[in-house]
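Below is upload_18.txt, which holds compact mmCIF, C-alpha atoms.
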```txt
# COMPACT_ATOMS: atom_id res chain seq x y z
CA MET U 1 93.37 79.19 63.27
CA THR U 2 96.83 79.65 64.76
CA ASN U 3 96.94 76.04 65.97
CA TYR U 4 96.05 74.81 62.49
CA ALA U 5 98.67 77.07 60.89
CA THR U 6 101.36 75.82 63.26
CA GLY U 7 100.38 72.20 62.66
CA PHE U 8 100.32 72.80 58.91
CA CYS U 9 103.87 74.21 58.98
CA ILE U 10 105.15 71.29 61.05
CA VAL U 11 103.63 68.73 58.67
CA GLU U 12 104.83 70.70 55.64
CA ARG U 13 108.42 70.75 56.90
CA SER U 14 108.45 67.06 57.72
CA ARG U 15 106.36 65.55 54.88
CA GLY U 16 105.94 68.24 52.22
CA PHE U 17 103.25 70.58 50.99
CA GLU U 18 100.90 67.96 49.54
CA GLU U 19 100.84 65.96 52.77
CA ALA U 20 100.29 69.17 54.75
CA CYS U 21 97.29 70.03 52.55
CA THR U 22 95.86 66.56 53.10
CA TRP U 23 96.43 66.91 56.84
CA MET U 24 94.66 70.29 56.88
CA GLN U 25 91.65 68.95 54.97
CA LYS U 26 91.26 66.20 57.56
CA LYS U 27 91.34 68.81 60.36
CA LEU U 28 88.77 71.14 58.84
CA LYS U 29 85.11 70.39 59.35
CA PRO U 30 83.40 69.37 56.11
CA GLU U 31 80.58 71.88 56.49
CA THR U 32 82.90 74.92 56.31
CA ALA U 33 85.26 73.60 53.65
CA GLY U 34 83.12 74.54 50.64
CA GLY U 35 81.40 77.62 52.02
CA GLU U 36 78.05 75.85 51.62
CA GLU U 37 76.09 74.38 54.46
CA SER U 38 74.44 71.01 54.65
CA ASN U 39 71.49 70.02 56.81
CA HIS U 40 73.35 66.80 57.56
CA PHE U 41 75.47 68.54 60.22
CA TRP U 42 72.57 70.28 61.98
CA SER U 43 70.14 68.45 64.21
CA GLU U 44 66.48 69.42 64.15
CA SER U 45 66.71 70.91 67.66
CA GLN U 46 69.78 72.97 66.71
CA THR U 47 67.98 74.31 63.65
CA LYS U 48 64.93 75.25 65.71
CA SER U 49 67.15 76.92 68.31
CA LEU U 50 68.94 78.86 65.58
CA ILE U 51 65.64 80.07 64.11
CA THR U 52 64.40 81.13 67.55
CA MET U 53 67.63 82.90 68.47
CA LEU U 54 67.76 84.74 65.13
CA SER U 55 64.16 85.90 65.51
CA ASP U 56 64.92 87.06 69.08
CA GLY U 57 67.78 89.18 67.73
CA CYS U 58 70.65 87.30 69.36
CA GLY U 59 74.14 88.02 68.08
CA ILE U 60 76.23 85.52 66.15
CA ASN U 61 78.74 85.18 69.02
CA GLU U 62 75.97 84.30 71.46
CA ILE U 63 74.41 81.81 69.04
CA SER U 64 77.80 80.24 68.39
CA ALA U 65 78.46 79.78 72.10
CA THR U 66 75.00 78.35 72.75
CA LEU U 67 74.86 75.91 69.83
CA GLY U 68 78.53 74.95 69.74
CA LYS U 69 78.86 75.89 66.07
CA THR U 70 81.38 78.17 64.38
CA GLN U 71 80.33 81.56 63.11
CA LEU U 72 80.87 80.39 59.52
CA GLN U 73 78.54 77.45 60.10
CA ILE U 74 75.88 79.76 61.52
CA TYR U 75 76.19 82.24 58.64
CA ALA U 76 75.92 79.40 56.11
CA LYS U 77 72.87 77.88 57.82
CA ARG U 78 71.23 81.32 58.08
CA ARG U 79 71.75 81.78 54.32
CA LEU U 80 70.01 78.47 53.67
CA LEU U 81 67.13 79.34 55.99
CA ALA U 82 66.78 82.81 54.43
CA ARG U 83 66.82 81.32 50.94
CA ASP U 84 63.98 78.99 51.94
CA GLY U 85 62.06 81.92 53.47
CA ILE U 86 62.20 80.56 57.02
CA VAL U 87 64.10 83.53 58.47
CA ASP U 88 64.50 87.10 57.25
CA LYS U 89 67.53 87.97 55.19
CA PRO U 90 70.13 89.84 57.25
CA VAL U 91 70.23 93.60 56.85
CA PRO U 92 73.37 94.67 54.95
CA PRO U 93 75.90 96.70 56.97
CA SER U 94 75.54 99.67 54.62
CA GLU U 95 71.82 99.84 55.32
CA ILE U 96 72.43 99.57 59.08
CA LYS U 97 74.90 102.46 58.81
CA ASN U 98 72.37 104.60 56.94
CA LEU U 99 69.70 103.85 59.56
CA ARG U 100 72.07 104.77 62.39
CA LYS U 101 73.12 107.96 60.62
CA GLY U 102 69.45 108.90 60.30
CA LYS U 103 68.88 108.23 64.01
CA PHE U 104 71.98 110.31 64.80
CA ILE U 105 70.62 113.29 62.88
CA LEU U 106 67.20 112.92 64.51
CA LEU U 107 68.69 112.79 68.03
CA VAL U 108 70.89 115.83 67.41
CA GLU U 109 67.94 117.78 66.04
CA GLN U 110 65.95 116.83 69.16
CA GLY U 111 68.69 118.36 71.31
CA ASP U 112 70.78 115.36 72.40
CA SER U 113 74.44 116.28 72.28
CA ASP U 114 76.30 113.83 74.53
CA VAL U 115 78.26 111.41 72.31
CA ARG U 116 77.95 108.49 74.75
CA VAL U 117 74.19 108.91 75.11
CA ILE U 118 73.78 109.10 71.33
CA ALA U 119 75.95 106.00 70.86
CA ASP U 120 73.81 104.06 73.34
CA GLU U 121 70.60 105.24 71.70
CA ILE U 122 71.58 104.24 68.16
CA GLY U 123 73.45 101.09 69.16
CA CYS U 124 77.01 101.84 68.09
CA SER U 125 80.35 102.95 69.50
CA SER U 126 81.35 106.51 70.32
CA THR U 127 83.89 106.33 67.50
CA ALA U 128 81.08 105.64 65.02
CA VAL U 129 79.20 108.69 66.33
CA TYR U 130 82.28 110.82 65.54
CA SER U 131 82.29 109.47 61.98
CA TYR U 132 78.53 110.09 61.59
CA ALA U 133 79.05 113.66 62.84
CA LYS U 134 81.86 114.22 60.35
CA GLU U 135 79.80 112.79 57.46
CA THR U 136 76.80 114.96 58.28
CA GLY U 137 78.74 118.17 58.91
CA TYR U 138 78.50 118.34 62.69
CA GLU U 139 81.45 119.09 64.91
CA ILE U 140 82.20 117.38 68.22
CA LYS U 141 84.08 119.06 71.07
CA SER U 142 84.63 117.59 74.53
CA GLY U 143 82.29 114.69 73.85
CA ARG U 144 79.39 116.94 72.80
CA VAL U 145 77.91 117.49 69.35
CA MET U 146 78.03 121.17 68.45
CA ILE U 147 74.91 122.36 66.64
```
Target format structure tokens, applied to this file:
Amino acid sequence: MTNYATGFCIVERSRGFEEACTWMQKKLKPETAGGEESNHFWSESQTKSLITMLSDGCGINEISATLGKTQLQIYAKRRLLARDGIVDKPVPPSEIKNLRKGKFILLVEQGDSDVRVIADEIGCSSTAVYSYAKETGYEIKSGRVMI
């Protein structure tokens, strides 16, 4: 976005705000301008690849690099596909956090105490494990959960 912002400022200084807005609209891709996605910008093979990659659990960054689409375009297309029932709706971050917190408690009760091992097991960073420990009343010293 920095290149667009710089270009916008240059056009605004030389031609004014209205011209800069017009310039920016020409630079932005139509499919991200309104927040809605259109099938017009997705080929059938790209859509099939997106569905396959989402079902395989690929991350948005990986999908973006593979398909040559922006993350916003992928999120918008995924919303359309989820609305039509083709792919599952994404799990909200709050639900993911609750699931990870539950796994954290389970691992600690099973005797795992190494923060790095727990982070790898539940699929988050060590910093998140510290926050889960704090929320659930556990204390961490020297990278180990104290029971």
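Pairwise distance (atom CA of Phe8 of chain U, atom CA of Lys27 of chain U) equals 9.9 Å.
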- In Å to one decimal, how far is atom CA of Asn61 of chain U from atom CA of Thr127 of chain U?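 Pair atom CA of Thr127 of chain U / atom CA of Asn61 of chain U returns 21.8 Å.
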- Query: Which one of U:Gly143, U:Glu44, U:Tyr132, U:Tyr138 sits closest to Leu99 of chain U if you count all atoms listed in the file?
  - Reply: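 Distance minimum relative to Leu99 of chain U lands on U:Tyr132.
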- Shell of 9 Å around Ala133 of chain U, all atoms listed in the file, local chain residues under 5 positions omitted, as a PyMOL selection string: chain U and resi 101+104-105+128+138-140+145
Output C-alpha atoms of each residue in that selection to a file, as a compact mmCIF listing (two decimals), keeping the file's coordinate frame.
```txt
# COMPACT_ATOMS: atom_id res chain seq x y z
CA LYS U 101 73.12 107.96 60.62
CA PHE U 104 71.98 110.31 64.80
CA ILE U 105 70.62 113.29 62.88
CA ALA U 128 81.08 105.64 65.02
CA TYR U 138 78.50 118.34 62.69
CA GLU U 139 81.45 119.09 64.91
CA ILE U 140 82.20 117.38 68.22
CA VAL U 145 77.91 117.49 69.35
```
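Of the residues listed (U:Leu50, U:Tyr75, U:Arg144, U:Lys103), U:Tyr75 shows the shortest atom-to-atom separation from Pro90 of chain U; distances use only C-alpha atoms.
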- Could you jot down the atom CA of Arg116 of chain U to atom CA of Leu54 of chain U separation for me, Å, one decimal place?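 A separation of 27.6 Å between them.
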- Message: Just checking: using only C-alpha atoms, which residue out of U:Leu106, U:Ile147, U:Ala20, U:Leu80 ends up closest to Glu121 of chain U?
- Response: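 For Glu121 of chain U, the nearest of the candidates is U:Leu106.
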- Using only C-alpha atoms, find the one residue out of U:Gln73, U:Thr47, U:Thr136, U:Gln25 that sits nearest to Val108 of chain U. U:Thr136
Take segment 3-28 of chain U, model N, CA and C atoms, and hand the result over as a compact mmCIF listing (two decimals), in the frame of the given file.
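After the write, rebuild_11.txt holds the following:
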```txt
# COMPACT_ATOMS: atom_id res chain seq x y z
N ASN U 3 96.54 77.41 65.73
CA ASN U 3 96.94 76.04 65.97
C ASN U 3 96.99 75.25 64.67
N TYR U 4 96.04 75.49 63.78
CA TYR U 4 96.05 74.81 62.49
C TYR U 4 97.25 75.26 61.65
N ALA U 5 97.55 76.55 61.67
CA ALA U 5 98.67 77.07 60.89
C ALA U 5 99.99 76.47 61.38
N THR U 6 100.15 76.40 62.69
CA THR U 6 101.36 75.82 63.26
C THR U 6 101.48 74.35 62.88
N GLY U 7 100.39 73.62 63.03
CA GLY U 7 100.38 72.20 62.66
C GLY U 7 100.67 72.01 61.18
N PHE U 8 100.10 72.88 60.35
CA PHE U 8 100.32 72.80 58.91
C PHE U 8 101.80 72.97 58.60
N CYS U 9 102.44 73.97 59.22
CA CYS U 9 103.87 74.21 58.98
C CYS U 9 104.73 73.04 59.43
N ILE U 10 104.39 72.44 60.56
CA ILE U 10 105.15 71.29 61.05
C ILE U 10 105.04 70.12 60.07
N VAL U 11 103.82 69.84 59.62
CA VAL U 11 103.63 68.73 58.67
C VAL U 11 104.29 69.06 57.35
N GLU U 12 104.22 70.32 56.91
CA GLU U 12 104.83 70.70 55.64
C GLU U 12 106.34 70.52 55.68
N ARG U 13 106.98 70.91 56.79
CA ARG U 13 108.42 70.75 56.90
C ARG U 13 108.85 69.29 56.92
N SER U 14 108.05 68.46 57.58
CA SER U 14 108.45 67.06 57.72
C SER U 14 108.03 66.19 56.53
N ARG U 15 106.85 66.45 55.93
CA ARG U 15 106.36 65.55 54.88
C ARG U 15 106.11 66.22 53.53
N GLY U 16 106.16 67.55 53.48
CA GLY U 16 105.94 68.24 52.22
C GLY U 16 104.58 68.91 52.15
N PHE U 17 104.44 69.76 51.13
CA PHE U 17 103.25 70.58 50.99
C PHE U 17 101.99 69.75 50.74
N GLU U 18 102.07 68.78 49.86
CA GLU U 18 100.90 67.96 49.54
C GLU U 18 100.36 67.23 50.76
N GLU U 19 101.25 66.65 51.55
CA GLU U 19 100.84 65.96 52.77
C GLU U 19 100.24 66.95 53.78
N ALA U 20 100.81 68.15 53.84
CA ALA U 20 100.29 69.17 54.75
C ALA U 20 98.87 69.58 54.34
N CYS U 21 98.64 69.68 53.03
CA CYS U 21 97.29 70.03 52.55
C CYS U 21 96.30 68.92 52.91
N THR U 22 96.71 67.68 52.74
CA THR U 22 95.86 66.56 53.10
C THR U 22 95.57 66.57 54.59
N TRP U 23 96.59 66.84 55.40
CA TRP U 23 96.43 66.91 56.84
C TRP U 23 95.41 68.00 57.22
N MET U 24 95.55 69.17 56.58
CA MET U 24 94.66 70.29 56.88
C MET U 24 93.22 69.95 56.51
N GLN U 25 93.00 69.31 55.39
CA GLN U 25 91.65 68.95 54.97
C GLN U 25 91.01 68.00 55.97
N LYS U 26 91.80 67.12 56.56
CA LYS U 26 91.26 66.20 57.56
C LYS U 26 90.88 66.95 58.83
N LYS U 27 91.60 68.04 59.14
CA LYS U 27 91.34 68.81 60.36
C LYS U 27 90.12 69.71 60.23
N LEU U 28 89.88 70.22 59.03
CA LEU U 28 88.77 71.14 58.84
C LEU U 28 87.46 70.38 58.82
```
